[in-house]
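Colleague: What follows is query.cif, mmCIF, C-alpha atoms.
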```
data_my_file
loop_
_atom_site.group_PDB
_atom_site.id
_atom_site.type_symbol
_atom_site.label_atom_id
_atom_site.label_comp_id
_atom_site.auth_asym_id
_atom_site.auth_seq_id
_atom_site.Cartn_x
_atom_site.Cartn_y
_atom_site.Cartn_z
ATOM 1 C CA HIS G 1 18.911 152.081 86.211
ATOM 2 C CA LEU G 2 18.333 155.547 87.479
ATOM 3 C CA PHE G 3 17.383 155.925 91.107
ATOM 4 C CA SER G 4 16.294 159.265 92.522
ATOM 5 C CA LEU G 5 16.817 159.895 96.180
ATOM 6 C CA LEU G 6 14.983 162.652 97.977
ATOM 7 C CA PHE G 7 16.264 164.029 101.221
ATOM 8 C CA LEU G 8 14.450 166.458 103.480
ATOM 9 C CA PHE G 9 16.718 168.809 105.365
ATOM 10 C CA SER G 10 15.185 171.485 107.594
ATOM 11 C CA GLY G 11 12.109 171.666 105.430
ATOM 12 C CA ASN G 12 14.161 172.076 102.229
ATOM 13 C CA MET G 13 13.980 169.381 99.585
ATOM 14 C CA VAL G 14 17.272 168.327 98.029
ATOM 15 C CA ALA G 15 17.212 165.909 95.106
ATOM 16 C CA SER G 16 20.136 163.714 94.205
ATOM 17 C CA ASN G 17 20.258 161.428 91.181
ATOM 18 C CA LEU G 18 22.436 158.317 91.393
ATOM 19 C CA VAL G 19 23.113 156.258 88.300
ATOM 20 C CA TYR G 20 23.775 152.559 88.823
ATOM 21 C CA ALA G 21 25.247 150.995 85.716
ATOM 22 C CA ASN G 22 26.614 147.554 85.093
ATOM 23 C CA PRO G 23 30.329 147.686 85.821
ATOM 24 C CA SER G 24 32.467 147.742 82.715
ATOM 25 C CA ALA G 25 35.653 146.723 84.546
ATOM 26 C CA THR G 26 36.451 143.065 85.196
ATOM 27 C CA ILE G 27 39.224 141.566 87.295
ATOM 28 C CA SER G 28 39.912 137.995 86.220
ATOM 29 C CA LEU G 29 42.217 135.017 86.539
ATOM 30 C CA SER G 30 43.423 133.395 83.336
ATOM 31 C CA PRO G 31 43.398 130.844 82.037
ATOM 32 C CA SER G 32 39.841 130.400 83.317
ATOM 33 C CA THR G 33 40.185 126.603 83.200
ATOM 34 C CA LEU G 34 43.252 124.431 83.065
ATOM 35 C CA LYS G 35 43.835 120.669 83.139
ATOM 36 C CA ILE G 36 47.359 119.569 84.030
ATOM 37 C CA PRO G 37 49.200 116.526 85.345
ATOM 38 C CA VAL G 38 50.397 116.352 88.928
ATOM 39 C CA SER G 39 53.891 117.837 89.515
ATOM 40 C CA GLN G 40 53.536 120.309 86.630
ATOM 41 C CA SER G 41 54.098 124.021 87.184
ATOM 42 C CA PHE G 42 51.977 126.688 85.537
ATOM 43 C CA SER G 43 51.397 130.441 85.498
ATOM 44 C CA LEU G 44 48.153 132.235 86.181
ATOM 45 C CA ASN G 45 47.598 135.912 85.373
ATOM 46 C CA LEU G 46 45.468 138.322 87.364
ATOM 47 C CA SER G 47 44.181 140.706 84.713
ATOM 48 C CA ILE G 48 42.022 143.787 84.509
ATOM 49 C CA SER G 49 39.869 144.716 81.543
ATOM 50 C CA GLY G 50 37.731 147.712 80.688
ATOM 51 C CA VAL G 51 38.952 149.817 83.596
ATOM 52 C CA ALA G 52 39.129 153.606 83.653
ATOM 53 C CA ASP G 53 41.486 155.607 85.905
ATOM 54 C CA LEU G 54 42.854 152.662 87.955
ATOM 55 C CA TYR G 55 45.207 154.025 90.613
ATOM 56 C CA LEU G 56 45.263 151.235 93.225
ATOM 57 C CA TRP G 57 44.146 147.624 93.476
ATOM 58 C CA VAL G 58 43.908 145.219 96.418
ATOM 59 C CA THR G 59 43.068 141.529 96.213
ATOM 60 C CA THR G 60 42.948 138.265 98.115
ATOM 61 C CA ILE G 61 43.322 135.008 96.167
ATOM 62 C CA GLN G 62 42.340 131.569 97.578
ATOM 63 C CA TRP G 63 42.737 127.952 96.397
ATOM 64 C CA ASP G 64 42.865 124.390 97.738
ATOM 65 C CA SER G 65 46.381 123.931 99.127
ATOM 66 C CA THR G 66 46.123 120.125 98.891
ATOM 67 C CA VAL G 67 45.990 120.462 95.079
ATOM 68 C CA LEU G 68 48.220 123.490 94.386
ATOM 69 C CA ASN G 69 51.250 125.137 95.920
ATOM 70 C CA LEU G 70 52.043 128.797 95.216
ATOM 71 C CA THR G 71 55.728 129.093 94.301
ATOM 72 C CA ASN G 72 55.989 132.772 93.343
ATOM 73 C CA TYR G 73 54.048 135.892 92.401
ATOM 74 C CA SER G 74 54.949 139.276 90.986
ATOM 75 C CA GLU G 75 53.544 142.595 89.831
ATOM 76 C CA GLY G 76 52.256 142.745 86.267
ATOM 77 C CA PRO G 77 53.058 145.549 83.810
ATOM 78 C CA PHE G 78 49.607 147.193 83.561
ATOM 79 C CA LEU G 79 49.689 149.748 86.389
ATOM 80 C CA LYS G 80 53.341 150.665 85.667
ATOM 81 C CA GLN G 81 52.114 152.352 82.474
ATOM 82 C CA GLY G 82 50.986 155.243 84.694
ATOM 83 C CA GLY G 83 54.331 155.766 86.410
ATOM 84 C CA PRO G 84 56.204 154.432 89.441
ATOM 85 C CA THR G 85 54.294 151.920 91.571
ATOM 86 C CA THR G 86 54.458 150.437 95.037
ATOM 87 C CA PHE G 87 53.836 146.678 95.094
ATOM 88 C CA ILE G 88 53.024 145.344 98.560
ATOM 89 C CA ALA G 89 53.371 141.606 99.028
ATOM 90 C CA GLY G 90 50.337 139.997 100.539
ATOM 91 C CA LYS G 91 50.270 137.739 103.560
ATOM 92 C CA VAL G 92 50.916 134.237 102.208
ATOM 93 C CA SER G 93 49.528 131.167 103.955
ATOM 94 C CA PRO G 94 48.644 127.717 102.575
ATOM 95 C CA GLY G 95 45.909 128.275 99.994
ATOM 96 C CA LYS G 96 45.811 132.060 100.268
ATOM 97 C CA VAL G 97 47.509 135.332 99.382
ATOM 98 C CA GLU G 98 45.762 138.033 101.374
ATOM 99 C CA GLY G 99 45.961 141.805 100.892
ATOM 100 C CA LEU G 100 48.133 141.836 97.771
ATOM 101 C CA THR G 101 48.262 145.548 96.878
ATOM 102 C CA CYS G 102 49.666 147.742 94.139
ATOM 103 C CA SER G 103 49.390 151.507 93.765
ATOM 104 C CA LEU G 104 50.680 154.283 91.601
ATOM 105 C CA ARG G 105 52.739 156.916 93.451
ATOM 106 C CA GLY G 106 52.191 160.643 93.461
ATOM 107 C CA SER G 107 49.604 162.916 91.924
ATOM 108 C CA VAL G 108 49.190 161.120 88.620
ATOM 109 C CA PRO G 109 46.077 159.982 86.798
ATOM 110 C CA GLY G 110 45.138 156.322 86.913
ATOM 111 C CA VAL G 111 45.606 153.896 84.034
ATOM 112 C CA THR G 112 42.804 153.110 81.582
ATOM 113 C CA GLY G 113 42.464 149.960 79.516
ATOM 114 C CA SER G 114 43.237 146.273 79.981
ATOM 115 C CA GLY G 115 46.263 144.215 81.005
ATOM 116 C CA THR G 116 47.990 142.004 83.551
ATOM 117 C CA ILE G 117 48.185 143.380 87.095
ATOM 118 C CA ALA G 118 49.872 140.345 88.726
ATOM 119 C CA ALA G 119 51.273 136.934 87.787
ATOM 120 C CA PHE G 120 51.250 133.803 89.945
ATOM 121 C CA GLN G 121 53.267 130.619 89.579
ATOM 122 C CA PHE G 122 51.860 127.394 91.001
ATOM 123 C CA ASN G 123 52.932 123.766 91.187
ATOM 124 C CA ALA G 124 50.322 120.992 91.016
ATOM 125 C CA THR G 125 50.986 118.948 94.156
ATOM 126 C CA GLY G 126 47.900 116.731 94.402
ATOM 127 C CA VAL G 127 45.240 115.151 92.227
ATOM 128 C CA GLY G 128 41.884 116.930 92.273
ATOM 129 C CA ALA G 129 40.136 120.089 91.201
ATOM 130 C CA THR G 130 40.270 123.507 92.802
ATOM 131 C CA SER G 131 38.870 126.895 92.098
ATOM 132 C CA ILE G 132 41.302 129.741 92.381
ATOM 133 C CA ASN G 133 39.039 132.476 93.666
ATOM 134 C CA ILE G 134 39.371 136.200 93.904
ATOM 135 C CA ALA G 135 37.975 136.192 97.436
ATOM 136 C CA PHE G 136 38.302 139.977 97.784
ATOM 137 C CA SER G 137 39.076 142.781 95.376
ATOM 138 C CA ASP G 138 38.935 146.542 95.486
ATOM 139 C CA LEU G 139 39.876 148.900 92.696
ATOM 140 C CA LEU G 140 40.344 152.612 93.381
ATOM 141 C CA ASN G 141 40.585 155.511 90.966
ATOM 142 C CA SER G 142 42.885 158.540 91.316
ATOM 143 C CA ALA G 143 40.255 160.315 93.442
ATOM 144 C CA GLY G 144 40.215 157.405 95.914
ATOM 145 C CA ASP G 145 36.769 156.197 94.857
ATOM 146 C CA SER G 146 35.963 152.511 94.408
ATOM 147 C CA ILE G 147 35.602 151.329 90.824
ATOM 148 C CA PRO G 148 32.678 148.911 90.372
ATOM 149 C CA HIS G 149 33.839 145.682 88.757
ATOM 150 C CA ASP G 150 32.993 142.084 88.015
ATOM 151 C CA VAL G 151 35.153 139.122 89.038
ATOM 152 C CA THR G 152 36.028 135.996 87.023
ATOM 153 C CA ASN G 153 37.709 133.083 88.816
ATOM 154 C CA SER G 154 39.671 130.086 87.535
ATOM 155 C CA THR G 155 39.333 126.305 87.902
ATOM 156 C CA ILE G 156 42.346 124.008 87.838
ATOM 157 C CA THR G 157 42.024 120.235 87.458
ATOM 158 C CA VAL G 158 45.047 118.114 88.297
ATOM 159 C CA SER G 159 45.195 114.489 87.168
ATOM 160 C CA ASN G 160 47.685 111.635 87.095
ATOM 161 C CA SER G 161 47.418 111.548 83.291
ATOM 162 C CA VAL G 162 49.992 113.395 81.212
ATOM 163 C CA HIS G 163 47.656 113.159 78.196
ATOM 164 C CA ASP G 164 44.888 115.292 79.728
ATOM 165 C CA VAL G 165 46.513 118.736 79.442
ATOM 166 C CA SER G 166 44.428 121.635 78.153
ATOM 167 C CA ALA G 167 43.529 125.245 78.779
ATOM 168 C CA THR G 168 40.662 127.257 77.363
ATOM 169 C CA GLY G 169 41.865 129.806 74.895
ATOM 170 C CA VAL G 170 45.224 128.079 74.408
ATOM 171 C CA LYS G 171 45.983 126.535 71.018
ATOM 172 C CA PRO G 172 47.579 123.070 71.067
ATOM 173 C CA LEU G 173 51.147 122.783 69.846
ATOM 174 C CA LYS G 174 51.676 121.183 66.440
ATOM 175 C CA THR G 175 53.468 117.869 66.480
ATOM 176 C CA VAL G 176 56.053 117.463 63.759
ATOM 177 C CA VAL G 177 56.945 113.876 62.836
ATOM 178 C CA GLY G 178 59.739 112.946 60.578
#
```
Could you rewrite the structure in this file as structure tokens?

Modeller:
Amino acid sequence: HLFSLLFLFSGNMVASNLVYANPSATISLSPSTLKIPVSQSFSLNLSISGVADLYLWVTTIQWDSTVLNLTNYSEGPFLKQGGPTTFIAGKVSPGKVEGLTCSLRGSVPGVTGSGTIAAFQFNATGVGATSINIAFSDLLNSAGDSIPHDVTNSTITVSNSVHDVSATGVKPLKTVVG
């Protein structure tokens, strides 16, 4: 959509055209759905896709702490493609990592493309279902401007059954008998 804004300054008319497009960048958690038995550990990736000139990202992730326990998290390889980075650990509390931040250092261009920006390891501690939500996210380019983006969250279902284990997009392992 193209929106034209007209401003009147001291009797002079100044026109400014702003283009609002659907964001092409998406920050997402994957797998998007996962079914696992209680006491099992699993990894979840925070990924970026379709981004141009990413220089810095900030995020807050939330989940139900009665179902999952965060055991570890680390920086992913995507932003490191642009050079040295600074990874700032977020404030961790039950069910939340707040203000997790990563930035390139120096006067370098941002990174374009898709990849993993962070990895989380969880342990299923209780039976139930929880969304793991990207409660806040901001992406900045090398000029310090926000990059519009969409967000895709994840849903984890924890059961007592060992036989109900699946993830979307993950192929089952072949069983070899004999």

Colleague: By how many Å are CA of Pro31 in chain G and CA of Ala119 in chain G apart?

Modeller: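 For CA of Pro31 in chain G relative to CA of Ala119 in chain G, the distance reads 11.5 Å.
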
Colleague: Rank nothing, just name the residue among G:Ser131, G:Thr101, G:Asn72, G:Ser28 nearest to Thr59 in chain G, using all atoms listed in the file.

Modeller: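 Using all atoms listed in the file, Thr59 in chain G sits closest to G:Thr101.
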
Colleague: Go through G:Trp63, G:Trp57, G:Phe122, G:Phe87 one by one, measure the shortest atom-to-atom distance of each to Ser137 in chain G using all atoms listed in the file, and give the residue with the smallest value.

Modeller: G:Trp57

Colleague: I'd like to know which of G:Val38, G:Leu100, G:Ala143, G:Ile134 is closest to Leu68 in chain G, using only C-alpha atoms.

Modeller: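 Closest to Leu68 in chain G of all the choices is G:Val38.
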
Colleague: What is the CA of Gly106 in chain G-CA of Ser142 in chain G distance in Å, reported with one decimal?

Modeller: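 CA of Ser142 in chain G lies 9.8 Å from CA of Gly106 in chain G.
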
Colleague: Need to verify the contact set: Val127 in chain G, 10 Å, all atoms listed in the file, exclusion of same-chain residues closer than 6 positions in sequence. Can you return it as a VMD selection string?

Modeller: chain G and resid 36 to 39 66 to 68 157 to 161

Colleague: Report as AutoDock Vina command-line options the centre and the edge lengths, in Å to one decimal, of the axis-aligned box holding every listed atom of range 134-150 of chain G, padded by 5 Å on each side.

Modeller:
```
--center_x 37.8 --center_y 148.3 --center_z 92.9 --size_x 20.2 --size_y 34.1 --size_z 19.8
```

Colleague: For Gly113 in chain G, find every residue with an atom within 7 Å (counting all atoms listed in the file), except residues of its own chain fewer than 6 positions away, and show them as JSON, numbers by chain.

Modeller: {"G": [49, 50, 51, 52]}

Colleague: Since I can't run it myself right now, could you work out what the PyMOL selection byres ((chain G and resi 95) around 7) selects here and report it as an MDAnalysis selection string?

Modeller: chainID G and resid 62:65 93:94 96

Colleague: In the coordinates of the file, take the point (39.4, 127.8, 85.7) and a cut-off of 9 Å; then, counting only C-alpha atoms, name each qualifying protein, DNA or RNA residue as a ChimeraX atom specification.

Modeller: /G:29-35,130-132,152-157,167-168

Colleague: Could you tell me which of G:Ser107, G:Lys91, G:Val58, G:Val151 comes closest to Asn133 in chain G if we count only C-alpha atoms?

Modeller: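 For Asn133 in chain G, the nearest of the given residues is G:Val151.
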
Colleague: Which is closest to Ile147 in chain G among G:Thr116, G:Thr60, G:Ser43, G:Ser24, if we use all atoms listed in the file?

Modeller: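 When distances to Ile147 in chain G are compared using all atoms listed in the file, the smallest one comes from G:Ser24.
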
Colleague: Report, in Å to a single decimal, how far apart CA of Phe120 in chain G and CA of Leu70 in chain G are.

Modeller: 7.3 Å

Colleague: Between G:Ser47, G:Cys102, G:Ile27, G:Gly115, which has the minimum distance to Ile88 in chain G (counting only C-alpha atoms)?

Modeller: G:Cys102

Colleague: Please write as a PyMOL selection string the full residue list that the PyMOL selection byres ((chain G and resi 41) around 6) yields on this file.

Modeller: chain G and resi 40+42+122-123

Colleague: Limited to C-alpha atoms, could you put the picked residues into a file as an mmCIF file, keeping the file's coordinate frame?

Modeller:
```cif
data_model
loop_
_atom_site.group_PDB
_atom_site.id
_atom_site.type_symbol
_atom_site.label_atom_id
_atom_site.label_comp_id
_atom_site.auth_asym_id
_atom_site.auth_seq_id
_atom_site.Cartn_x
_atom_site.Cartn_y
_atom_site.Cartn_z
ATOM 1 C CA GLN G 40 53.536 120.309 86.630
ATOM 2 C CA PHE G 42 51.977 126.688 85.537
ATOM 3 C CA PHE G 122 51.860 127.394 91.001
ATOM 4 C CA ASN G 123 52.932 123.766 91.187
#
```

Colleague: So what does the PyMOL selection byres ((chain G and resi 79) around 10) actually pick up in this one, as number ranges by chain?

Modeller: G: 48, 54-57, 75-78, 80-86, 102-104, 110-118
